[in-house]
>>> print(open('protein_36.cif').read())   # mmCIF, C-alpha atoms and all ligand atoms
data_final
loop_
_atom_site.label_atom_id
_atom_site.label_comp_id
_atom_site.auth_asym_id
_atom_site.auth_seq_id
_atom_site.Cartn_x
_atom_site.Cartn_y
_atom_site.Cartn_z
CA MET E 1 5.65 -6.22 -16.48
CA GLY E 2 6.21 -8.71 -13.72
CA ASN E 3 3.63 -11.36 -14.50
CA GLN E 4 6.22 -14.13 -14.50
CA LYS E 5 4.82 -17.10 -12.70
CA ARG E 6 1.10 -16.32 -12.90
CA HIS E 7 -1.27 -19.28 -12.75
CA GLU E 8 1.35 -21.88 -11.94
CA ILE E 9 0.05 -24.18 -9.26
CA ASP E 10 2.48 -25.21 -6.60
CA ARG E 11 2.21 -27.87 -3.93
CA ASN E 12 2.25 -25.10 -1.36
CA THR E 13 0.76 -22.01 -2.93
CA GLN E 14 -2.23 -22.26 -5.21
CA VAL E 15 -3.30 -19.36 -7.43
CA ILE E 16 -6.95 -19.27 -8.44
CA ARG E 17 -8.25 -16.81 -10.98
CA VAL E 18 -11.56 -15.36 -9.80
CA ASN E 19 -14.09 -13.35 -11.82
CA LYS E 20 -14.01 -9.92 -10.22
CA MET E 21 -17.52 -8.90 -11.28
CA ASN E 22 -19.17 -12.19 -10.46
CA PRO E 23 -16.90 -14.34 -8.26
CA GLU E 24 -17.35 -18.11 -8.66
CA ARG E 25 -19.10 -19.48 -5.56
CA THR E 26 -16.89 -22.57 -5.41
CA HIS E 27 -13.69 -20.49 -5.29
CA ILE E 28 -15.07 -18.18 -2.62
CA GLU E 29 -16.38 -21.13 -0.59
CA SER E 30 -13.06 -22.95 -0.59
CA ALA E 31 -11.14 -19.76 0.31
CA ALA E 32 -13.61 -19.04 3.12
CA GLN E 33 -13.21 -22.57 4.40
CA LEU E 34 -9.44 -22.19 4.51
CA LEU E 35 -9.91 -18.99 6.53
CA ARG E 36 -12.30 -20.64 8.96
CA LYS E 37 -9.77 -23.46 9.45
CA GLY E 38 -7.13 -20.94 10.51
CA GLY E 39 -5.32 -20.63 7.18
CA VAL E 40 -3.75 -17.56 5.59
CA ILE E 41 -4.73 -16.54 2.08
CA ALA E 42 -4.11 -13.56 -0.21
CA PHE E 43 -7.04 -11.78 -1.80
CA PRO E 44 -7.59 -8.67 -3.92
CA THR E 45 -8.98 -5.41 -2.59
CA GLU E 46 -9.50 -2.17 -4.51
CA THR E 47 -6.31 -0.70 -3.01
CA VAL E 48 -3.69 -3.49 -2.91
CA TYR E 49 -3.72 -7.25 -2.27
CA GLY E 50 -4.24 -8.29 1.35
CA LEU E 51 -2.85 -11.23 3.31
CA GLY E 52 -5.85 -12.40 5.29
CA ALA E 53 -6.62 -14.56 8.30
CA ASN E 54 -9.59 -14.95 10.64
CA GLY E 55 -9.36 -11.74 12.65
CA LEU E 56 -10.76 -13.35 15.78
CA HIS E 57 -8.35 -16.30 15.81
CA GLU E 58 -5.01 -15.50 17.40
CA PRO E 59 -2.96 -18.45 16.01
CA ALA E 60 -4.09 -17.64 12.45
CA ILE E 61 -3.15 -13.99 12.88
CA LYS E 62 0.30 -14.96 14.06
CA LYS E 63 0.86 -16.80 10.77
CA ILE E 64 0.43 -13.48 8.94
CA TYR E 65 3.26 -11.88 10.92
CA LEU E 66 5.44 -14.89 10.19
CA ALA E 67 4.76 -14.93 6.43
CA LYS E 68 5.40 -11.18 6.11
CA LYS E 69 8.29 -11.03 8.60
CA ARG E 70 6.34 -8.16 10.12
CA PRO E 71 7.31 -6.55 13.45
CA HIS E 72 4.86 -7.59 16.17
CA ASP E 73 4.06 -4.06 17.31
CA ASN E 74 2.61 -3.18 13.91
CA PRO E 75 -1.15 -3.77 14.11
CA LEU E 76 -3.41 -5.03 11.32
CA ILE E 77 -6.54 -3.69 9.65
CA LEU E 78 -9.71 -5.69 10.25
CA HIS E 79 -11.77 -5.95 7.04
CA ILE E 80 -15.53 -6.16 7.49
CA GLY E 81 -18.37 -7.02 5.12
CA TYR E 82 -21.11 -4.61 6.20
CA LYS E 83 -21.07 -1.02 7.47
CA LYS E 84 -23.17 -1.97 10.49
CA ASP E 85 -20.56 -4.53 11.60
CA ILE E 86 -18.48 -1.66 12.95
CA GLU E 87 -20.65 -1.93 16.07
CA LEU E 88 -19.55 -5.55 16.57
CA TYR E 89 -15.89 -4.60 16.86
CA ALA E 90 -15.83 -0.95 17.96
CA ARG E 91 -17.28 0.92 20.95
CA ASP E 92 -18.09 4.62 21.42
CA VAL E 93 -18.28 5.17 17.66
CA SER E 94 -18.45 8.94 17.18
CA ALA E 95 -20.87 10.83 14.95
CA ALA E 96 -17.93 11.91 12.78
CA THR E 97 -16.90 8.27 12.26
CA LYS E 98 -20.43 7.37 11.18
CA LYS E 99 -20.43 10.26 8.70
CA LEU E 100 -17.13 9.09 7.21
CA ILE E 101 -18.41 5.56 6.85
CA ARG E 102 -21.58 6.74 5.19
CA ALA E 103 -19.57 8.85 2.76
CA PHE E 104 -16.73 6.50 1.89
CA TRP E 105 -17.59 2.84 2.64
CA PRO E 106 -17.18 0.53 0.92
CA GLY E 107 -13.94 2.19 -0.15
CA PRO E 108 -10.29 2.98 0.47
CA LEU E 109 -10.74 4.51 3.93
CA THR E 110 -9.66 2.90 7.20
CA VAL E 111 -10.96 4.26 10.51
CA VAL E 112 -9.17 3.70 13.81
CA VAL E 113 -11.73 3.33 16.61
CA LYS E 114 -11.89 2.09 20.22
CA LYS E 115 -11.92 -1.69 20.10
CA ARG E 116 -14.16 -4.23 21.76
CA LYS E 117 -12.64 -6.91 23.98
CA LYS E 118 -13.26 -9.81 21.60
CA ILE E 119 -10.54 -8.57 19.23
CA PRO E 120 -7.29 -10.38 20.01
CA ASP E 121 -4.19 -8.39 20.94
CA ALA E 122 -2.43 -9.99 17.98
CA VAL E 123 -4.58 -7.81 15.67
CA THR E 124 -4.06 -4.53 17.49
CA GLY E 125 -0.54 -4.97 18.81
CA GLY E 126 -1.96 -4.50 22.31
CA LEU E 127 -3.49 -1.07 21.56
CA ASP E 128 -6.99 -0.31 22.79
CA THR E 129 -7.97 0.80 19.30
CA VAL E 130 -8.57 -1.17 16.12
CA ALA E 131 -8.33 -0.19 12.44
CA LEU E 132 -11.46 -1.12 10.44
CA ARG E 133 -12.21 -1.00 6.75
CA MET E 134 -14.91 -2.20 4.37
CA PRO E 135 -13.19 -2.75 1.02
CA ASP E 136 -14.81 -1.86 -2.30
CA ASN E 137 -14.02 -5.10 -4.10
CA ILE E 138 -16.63 -7.74 -4.90
CA ILE E 139 -14.26 -10.66 -4.30
CA ALA E 140 -13.10 -9.29 -0.95
CA LEU E 141 -16.66 -8.61 0.21
CA ALA E 142 -17.84 -12.06 -0.91
CA LEU E 143 -14.96 -13.66 0.96
CA ILE E 144 -15.60 -11.76 4.20
CA ARG E 145 -19.35 -12.36 4.10
CA THR E 146 -19.03 -16.03 3.21
CA SER E 147 -16.41 -16.77 5.85
CA GLY E 148 -18.57 -15.09 8.49
CA VAL E 149 -15.54 -13.60 10.26
CA PRO E 150 -13.75 -10.28 10.02
CA ILE E 151 -10.53 -10.67 8.04
CA ALA E 152 -7.34 -9.28 9.54
CA ALA E 153 -5.15 -8.33 6.61
CA PRO E 154 -2.06 -6.28 6.00
CA SER E 155 -0.80 -5.71 2.46
CA ALA E 156 0.41 -9.05 1.05
CA ASN E 157 4.06 -8.06 0.56
CA VAL E 158 7.08 -9.09 2.56
CA SER E 159 7.43 -6.38 5.22
CA GLY E 160 9.18 -3.28 3.86
CA LYS E 161 8.62 -4.11 0.18
CA PRO E 162 6.23 -2.26 -2.13
CA SER E 163 2.63 -3.40 -1.67
CA PRO E 164 1.41 -5.91 -4.26
CA THR E 165 -1.08 -4.72 -6.86
CA THR E 166 -1.29 -7.98 -8.83
CA ALA E 167 -1.47 -11.66 -7.88
CA ALA E 168 1.94 -12.13 -9.52
CA HIS E 169 3.48 -9.66 -7.04
CA VAL E 170 1.97 -11.62 -4.17
CA TYR E 171 3.24 -14.85 -5.67
CA ASN E 172 6.78 -13.47 -5.86
CA ASP E 173 6.74 -12.50 -2.17
CA MET E 174 4.60 -15.28 -0.67
CA TYR E 175 5.40 -18.35 -2.75
CA GLY E 176 5.58 -21.37 -0.47
CA LYS E 177 4.50 -19.37 2.59
CA ILE E 178 0.71 -19.31 2.16
CA GLU E 179 -1.83 -21.78 0.87
CA LEU E 180 -3.85 -19.74 -1.59
CA ILE E 181 -3.86 -16.57 -3.67
CA LEU E 182 -7.13 -15.38 -5.17
CA ASP E 183 -6.25 -13.61 -8.40
CA GLY E 184 -8.77 -10.87 -9.10
CA GLY E 185 -6.68 -8.89 -11.58
CA ARG E 186 -4.88 -5.61 -11.04
CA ALA E 187 -5.87 -3.55 -7.99
CA ASP E 188 -7.72 -0.49 -9.13
CA VAL E 189 -6.35 2.15 -6.74
CA GLY E 190 -2.79 0.87 -6.35
CA LEU E 191 -2.03 2.67 -3.06
CA GLU E 192 -3.10 1.56 0.41
CA SER E 193 -6.17 3.05 2.09
CA THR E 194 -6.29 6.45 3.73
CA ILE E 195 -6.16 5.96 7.53
CA VAL E 196 -7.94 8.32 9.92
CA ASP E 197 -7.71 7.97 13.69
CA CYS E 198 -11.30 8.54 14.81
CA SER E 199 -10.67 7.51 18.42
CA VAL E 200 -9.62 11.09 19.20
CA ASP E 201 -11.26 14.47 18.70
CA PRO E 202 -10.54 16.03 16.28
CA PRO E 203 -9.69 12.96 14.16
CA VAL E 204 -6.14 12.64 12.83
CA LEU E 205 -4.97 11.69 9.35
CA LEU E 206 -2.39 8.92 9.84
CA ARG E 207 -1.79 7.80 6.25
CA PRO E 208 -2.79 9.60 3.04
CA GLY E 209 -4.45 7.64 0.25
CA LYS E 210 -6.86 8.02 -2.63
CA ILE E 211 -9.42 9.66 -0.34
CA THR E 212 -7.80 13.00 0.36
CA ARG E 213 -7.69 15.14 3.48
CA ARG E 214 -9.85 17.69 1.67
CA GLN E 215 -12.53 15.11 0.87
CA ILE E 216 -12.56 14.05 4.52
CA GLU E 217 -12.73 17.62 5.78
CA GLN E 218 -15.68 18.28 3.49
CA VAL E 219 -17.57 15.61 5.43
CA ILE E 220 -16.46 16.13 9.05
CA GLY E 221 -14.66 19.47 9.23
CA VAL E 222 -11.02 20.15 10.04
CA ILE E 223 -8.84 17.20 11.07
CA GLU E 224 -5.26 17.02 12.25
CA ASN E 225 -2.39 15.70 10.20
CA ASP E 226 0.14 13.22 11.50
CA VAL E 227 1.57 12.15 8.18
CA MET E 228 5.32 11.85 8.48
CA LYS E 229 6.72 14.51 6.19
CA ASN E 230 10.03 13.97 4.40
CA GLY E 231 10.74 10.92 6.56
CA SER E 232 11.80 13.20 9.43
CA LEU E 233 13.73 11.31 12.07
CA PHE E 234 12.37 13.53 14.81
CA HIS E 235 8.76 12.82 14.10
CA LYS E 236 7.23 10.04 16.18
CA PRO E 237 4.25 8.79 14.17
CA LYS E 238 1.04 7.88 15.98
CA SER E 239 0.47 4.87 13.76
CA PRO E 240 2.93 2.16 14.80
CA GLY E 241 3.51 0.88 11.27
CA LEU E 242 4.50 4.24 9.92
CA LYS E 243 7.83 4.45 11.69
CA TYR E 244 9.35 1.74 9.53
CA ARG E 245 10.92 2.33 6.13
CA HIS E 246 8.30 1.19 3.69
CA TYR E 247 7.43 0.47 0.11
CA ALA E 248 11.12 0.15 -0.60
CA PRO E 249 12.45 -1.57 -3.69
CA ASP E 250 15.78 -3.43 -3.50
CA ALA E 251 17.33 -0.69 -5.61
CA ARG E 252 18.48 2.53 -3.98
CA LEU E 253 15.82 5.13 -4.72
CA ILE E 254 16.90 8.75 -4.98
CA LEU E 255 13.99 11.17 -5.01
CA VAL E 256 14.51 14.59 -6.56
CA GLU E 257 12.01 17.20 -5.40
CA SER E 258 11.58 20.60 -6.98
CA GLU E 259 10.18 22.45 -9.96
CA PRO E 260 10.33 20.60 -13.29
CA PRO E 261 13.44 22.26 -14.85
CA ALA E 262 15.53 21.77 -11.71
CA ILE E 263 14.36 18.18 -11.39
CA LYS E 264 15.39 17.42 -14.92
CA SER E 265 18.84 18.98 -14.69
CA THR E 266 19.49 17.32 -11.33
CA ILE E 267 18.49 13.91 -12.61
CA ASN E 268 20.70 14.39 -15.65
CA ALA E 269 23.62 15.24 -13.36
CA LEU E 270 22.92 12.15 -11.22
CA LEU E 271 22.64 10.05 -14.36
CA ARG E 272 26.14 11.10 -15.43
CA GLN E 273 27.52 10.51 -11.97
CA TYR E 274 26.15 6.97 -11.58
CA ARG E 275 27.00 6.04 -15.15
CA THR E 276 30.66 6.53 -14.38
CA GLN E 277 30.21 4.18 -11.44
CA LYS E 278 28.80 1.53 -13.81
CA LYS E 279 25.47 1.38 -12.00
CA ARG E 280 22.35 0.13 -13.74
CA ILE E 281 19.93 3.05 -13.65
CA GLY E 282 16.17 3.33 -13.89
CA ILE E 283 14.39 6.67 -14.12
CA LEU E 284 10.89 7.08 -12.73
CA ALA E 285 9.35 10.16 -14.33
CA PHE E 286 5.98 11.89 -14.18
CA PHE E 287 6.37 14.99 -16.36
CA PRO E 288 5.28 14.11 -19.91
CA GLY E 289 7.69 16.57 -21.55
CA HIS E 290 10.78 15.21 -19.82
CA LYS E 291 13.02 13.30 -22.16
CA TYR E 292 16.21 11.73 -20.89
CA HIS E 293 18.94 10.55 -23.21
CA LEU E 294 19.48 7.03 -22.07
CA ARG E 295 22.07 4.49 -23.01
CA LYS E 296 21.52 0.84 -23.64
CA ASN E 297 20.85 -0.87 -20.32
CA GLU E 298 19.23 2.21 -18.77
CA LEU E 299 15.48 2.20 -18.18
CA LEU E 300 12.81 4.89 -18.12
CA VAL E 301 9.21 4.59 -16.98
CA ASN E 302 7.09 7.73 -17.30
CA LEU E 303 3.83 7.37 -15.37
CA GLY E 304 2.41 10.73 -16.43
CA MET E 305 0.56 13.25 -14.32
CA SER E 306 -2.82 11.55 -13.92
CA THR E 307 -3.15 10.70 -10.24
CA TYR E 308 -5.29 7.69 -11.14
CA ARG E 309 -2.77 6.11 -13.46
CA ALA E 310 0.34 7.07 -11.51
CA SER E 311 -1.14 5.68 -8.26
CA ARG E 312 -2.15 2.49 -9.97
CA LYS E 313 1.29 1.89 -11.47
CA LEU E 314 3.65 3.22 -8.79
CA PHE E 315 4.34 0.03 -6.82
CA GLU E 316 4.27 -2.08 -9.96
CA THR E 317 6.98 0.12 -11.44
CA LEU E 318 9.18 -0.15 -8.35
CA ARG E 319 8.85 -3.93 -8.55
CA TYR E 320 9.59 -3.82 -12.29
CA PHE E 321 12.88 -2.00 -11.65
CA ASP E 322 13.83 -4.64 -9.08
CA ALA E 323 12.98 -7.45 -11.49
CA GLN E 324 15.24 -5.70 -14.02
CA LYS E 325 18.05 -5.66 -11.43
CA VAL E 326 18.36 -1.89 -11.41
CA ASP E 327 20.88 -0.53 -8.84
CA ILE E 328 19.66 3.06 -8.68
CA ILE E 329 16.21 4.50 -9.26
CA LEU E 330 16.26 8.23 -9.98
CA ALA E 331 12.72 9.43 -9.26
CA GLU E 332 11.13 12.72 -10.23
CA SER E 333 8.80 14.12 -7.59
CA PHE E 334 5.12 13.90 -8.44
CA PRO E 335 3.70 17.33 -9.40
CA LEU E 336 1.26 17.36 -6.45
CA SER E 337 3.61 17.47 -3.46
CA ASP E 338 1.06 16.47 -0.82
CA HIS E 339 -0.44 13.61 -2.80
CA ALA E 340 -0.26 10.09 -1.38
CA ILE E 341 2.11 9.21 -4.23
CA MET E 342 4.69 11.59 -2.74
CA ASN E 343 4.18 10.13 0.73
CA ARG E 344 4.99 6.64 -0.62
CA LEU E 345 7.94 7.88 -2.67
CA ARG E 346 9.44 9.69 0.33
CA LYS E 347 9.13 6.55 2.39
CA ALA E 348 10.67 4.41 -0.32
CA ALA E 349 13.59 6.80 -0.80
CA SER E 350 17.09 6.15 0.51
CA GLU E 351 17.86 9.78 -0.23
CA ILE E 352 15.83 12.90 -1.00
CA ILE E 353 17.45 15.73 -2.93
CA ILE E 354 15.75 19.10 -2.87
CA ALA E 355 16.93 20.56 -6.15
CA ASN E 356 17.61 24.27 -6.07
CA ASN E 357 15.42 25.93 -8.61
CA LYS E 358 17.33 29.17 -9.18
CA ASP E 359 20.90 28.05 -9.25
CA GLY E 360 20.54 24.67 -10.90
CA PRO E 361 21.29 21.37 -9.23
CA LEU E 362 22.88 21.27 -5.79
CA LEU E 363 25.49 18.72 -6.67
O1 LIG F 1 -5.50 -0.54 1.69
C1 LIG F 1 -5.12 -1.05 2.73
O2 LIG F 1 -5.26 -0.48 3.83
C2 LIG F 1 -4.49 -2.45 2.64
C3 LIG F 1 -5.55 -3.42 2.18
C4 LIG F 1 -5.07 -4.85 2.20
O3 LIG F 1 -6.70 -3.27 2.95
N1 LIG F 1 -3.94 -2.83 3.90
C5 LIG F 1 -2.83 -2.27 4.43
O4 LIG F 1 -2.44 -2.82 5.63
O5 LIG F 1 -2.22 -1.37 3.90
P1 LIG F 1 -1.00 -2.57 6.27
O6 LIG F 1 -0.93 -3.53 7.40
O7 LIG F 1 0.03 -2.68 5.23
O8 LIG F 1 -1.09 -1.13 6.85
C6 LIG F 1 -1.92 -0.89 7.99
C7 LIG F 1 -1.47 0.32 8.72
C8 LIG F 1 -0.16 0.12 9.45
O9 LIG F 1 0.66 1.23 9.21
C9 LIG F 1 -0.58 0.06 10.91
O10 LIG F 1 0.40 0.54 11.78
C10 LIG F 1 -1.82 0.92 10.92
O11 LIG F 1 -2.46 0.61 9.72
N2 LIG F 1 -2.71 0.57 12.05
C11 LIG F 1 -3.36 -0.59 12.25
N3 LIG F 1 -4.05 -0.58 13.41
C12 LIG F 1 -3.83 0.65 13.96
C13 LIG F 1 -4.27 1.29 15.16
N4 LIG F 1 -5.06 0.67 16.03
N5 LIG F 1 -3.84 2.56 15.39
C14 LIG F 1 -3.05 3.20 14.50
N6 LIG F 1 -2.60 2.63 13.34
C15 LIG F 1 -2.98 1.38 13.07
MG MG F 2 1.73 -2.63 4.23
#
>>> encode(input="protein_36.cif", output="structure tokens")
Amino acid sequence: MGNQKRHEIDRNTQVIRVNKMNPERTHIESAAQLLRKGGVIAFPTETVYGLGANGLHEPAIKKIYLAKKRPHDNPLILHIGYKKDIELYARDVSAATKKLIRAFWPGPLTVVVKKRKKIPDAVTGGLDTVALRMPDNIIALALIRTSGVPIAAPSANVSGKPSPTTAAHVYNDMYGKIELILDGGRADVGLESTIVDCSVDPPVLLRPGKITRRQIEQVIGVIENDVMKNGSLFHKPKSPGLKYRHYAPDARLILVESEPPAIKSTINALLRQYRTQKKRIGILAFFPGHKYHLRKNELLVNLGMSTYRASRKLFETLRYFDAQKVDIILAESFPLSDHAIMNRLRKAASEIIIANNKDGPLL
């Protein structure tokens, strides 16, 4: 799947394979040097690939927005190399924040905290808070520590596209736009970090991820939830980036939510409908028992019900359908309706159909 132009070296964008257990010093040194010089490079994290620049250097940060075509009011996460460095960039760090960091760093958790003055507005979009994270990836940590600066990094996709989980995905989106991609293999988690706003009391969940609300509440007690449900138009999210349509493949994604039998019959009905319109169809399934009778030219990817595997492969699968020039993706809902996978699917969807369980499909 989608590993087309791997290790090709271009005049503009160089891809360097790095050992993820024991990163080669020379590779890390040259990447760190590029960062210190104000360059933009892509690097692996445990969640997805990031597009990094020196987080204290405004002109470098602006290059990230340009490469991604990212709206300027959508702030970036600052990646740090040590837990204690939170004090360098945040003020009034609460006891709850410290507990979260102790429990989950390094790892796929981002905390939003009050920022210190030295952080440029280009990172925070002018907010008085900053999002901080210490990634659980040896290459990422080596890069941050060696460069000696915090790395501002959004996911390394073109804005609005699914986040990249391999260097090949980054290459497809960023070819010719950035100097270097560090290839550390497939991202282990596959979904972006959980974001918790810790600048308010009680803290607020802004984006779900591998670390669940329940895990967080076990550490700091009850938090609020500001995750945009069902892409409601009336909900004004507190995290600036979450108001945009996200993670979207080029294909039109139709998400069918319900109990398994209704999902299956609704997808079959949609399959018949779009077949007559001569659309190329891809089905994204999760239920192992669901068989669809496909014709030549129609595609099926079944990711199964393991949250680990489905998370890891979700964005890759959306990109695979695009590479296969699919027009319509018919997606089953993931069995756990409040899992981060469902949050990403709802945001990628052009349309959500709530299939009626009792009376069959509402078509
Ligand atoms: O796993 C991840 O978090 C990956 C890897 C590369 O670390 N990064 C990532 O970054 O997903 P990005 O830019 O794609 O998503 C960051 C989100 C955006 O929705 C942004 O609006 C939100 O974090 N954010 C950043 N600073 C914020 C702040 N001060 N207050 C509220 N939300 C903030
Ligand atoms: Mg992103």
>>> closest_atom_pairs(input="protein_36.cif", of="chain E", to="ligand MG 2 (chain F)", cutoff="8 Å", atoms="all atoms listed in the file", output="tab-separated table")
residue	atom	partner	partner_atom	distance
E:Pro154	CA	F:MG2	MG	5.6
E:Ser155	CA	F:MG2	MG	4.4
E:Ala156	CA	F:MG2	MG	7.3
E:Asn157	CA	F:MG2	MG	7.0
E:Ser159	CA	F:MG2	MG	6.9
E:Gly160	CA	F:MG2	MG	7.5
E:Pro162	CA	F:MG2	MG	7.8
E:Ser163	CA	F:MG2	MG	6.0
E:Glu192	CA	F:MG2	MG	7.4
E:His246	CA	F:MG2	MG	7.6
E:Tyr247	CA	F:MG2	MG	7.7
>>> closest_residue(input="protein_36.cif", among="E:Ala122, E:Ala131, E:Leu299, E:Val256", to="ligand LIG 1 (chain F)", atoms="only C-alpha atoms and all ligand atoms")
E:Ala131
>>> closest_residue(input="protein_36.cif", among="E:Lys68, E:Pro23, E:Gly39, E:Asn225", to="ligand LIG 1 (chain F)", atoms="only C-alpha atoms and all ligand atoms")
E:Lys68
>>> residues_around(input="protein_36.cif", residues="Asn268 in chain E", least_positions_apart="3", cutoff="12 Å", atoms="all atoms listed in the file", output="PyMOL selection string")
chain E and resi 256+261-265+271-275+281+283+290-294+330-332+355+360-361+363
>>> atom_distance(input="protein_36.cif", atom1="CA of Arg319 in chain E", atom2="CA of Leu300 in chain E")
13.6 Å
>>> decode(input="protein_36.cif", residues="range 334-350 of chain E", atoms="N, CA, C and O atoms", output="compact mmCIF listing (two decimals), in the first residue's frame")
# COMPACT_ATOMS: atom_id res chain seq x y z
N PHE E 334 -17.13 2.22 13.33
CA PHE E 334 -16.32 1.37 14.20
C PHE E 334 -17.18 0.96 15.39
O PHE E 334 -17.96 1.76 15.91
N PRO E 335 -17.07 -0.31 15.83
CA PRO E 335 -17.95 -0.80 16.90
C PRO E 335 -17.96 0.04 18.19
O PRO E 335 -18.96 0.06 18.88
N LEU E 336 -16.86 0.71 18.51
CA LEU E 336 -16.87 1.56 19.71
C LEU E 336 -17.17 2.99 19.28
O LEU E 336 -16.31 3.67 18.73
N SER E 337 -18.40 3.47 19.56
CA SER E 337 -18.83 4.71 18.91
C SER E 337 -18.14 5.95 19.46
O SER E 337 -18.10 6.97 18.80
N ASP E 338 -17.56 5.88 20.67
CA ASP E 338 -16.86 7.08 21.13
C ASP E 338 -15.34 6.95 21.03
O ASP E 338 -14.59 7.74 21.60
N HIS E 339 -14.88 5.98 20.27
CA HIS E 339 -13.44 5.84 20.07
C HIS E 339 -12.92 6.92 19.12
O HIS E 339 -13.67 7.41 18.27
N ALA E 340 -11.64 7.25 19.27
CA ALA E 340 -11.03 8.27 18.40
C ALA E 340 -11.18 7.93 16.92
O ALA E 340 -11.27 8.82 16.07
N ILE E 341 -11.24 6.66 16.60
CA ILE E 341 -11.43 6.25 15.20
C ILE E 341 -12.72 6.85 14.66
O ILE E 341 -12.78 7.35 13.53
N MET E 342 -13.79 6.81 15.46
CA MET E 342 -15.08 7.35 15.02
C MET E 342 -15.02 8.87 14.88
O MET E 342 -15.62 9.45 13.99
N ASN E 343 -14.29 9.52 15.79
CA ASN E 343 -14.12 10.97 15.68
C ASN E 343 -13.47 11.32 14.33
O ASN E 343 -13.93 12.23 13.62
N ARG E 344 -12.43 10.60 13.95
CA ARG E 344 -11.74 10.89 12.68
C ARG E 344 -12.64 10.57 11.48
O ARG E 344 -12.67 11.29 10.50
N LEU E 345 -13.37 9.45 11.58
CA LEU E 345 -14.24 9.07 10.47
C LEU E 345 -15.35 10.11 10.26
O LEU E 345 -15.68 10.48 9.14
N ARG E 346 -15.92 10.58 11.40
CA ARG E 346 -16.99 11.58 11.28
C ARG E 346 -16.46 12.85 10.65
O ARG E 346 -17.14 13.51 9.87
N LYS E 347 -15.22 13.20 10.97
CA LYS E 347 -14.67 14.42 10.41
C LYS E 347 -14.24 14.26 8.95
O LYS E 347 -14.13 15.23 8.22
N ALA E 348 -13.97 13.02 8.57
CA ALA E 348 -13.59 12.78 7.17
C ALA E 348 -14.82 12.65 6.28
O ALA E 348 -14.73 12.77 5.06
N ALA E 349 -15.98 12.41 6.90
CA ALA E 349 -17.18 12.07 6.12
C ALA E 349 -17.79 13.28 5.42
O ALA E 349 -17.85 14.37 5.98
N SER E 350 -18.23 13.07 4.18
CA SER E 350 -19.04 14.08 3.49
C SER E 350 -20.48 13.92 3.93
O SER E 350 -21.28 14.84 3.84
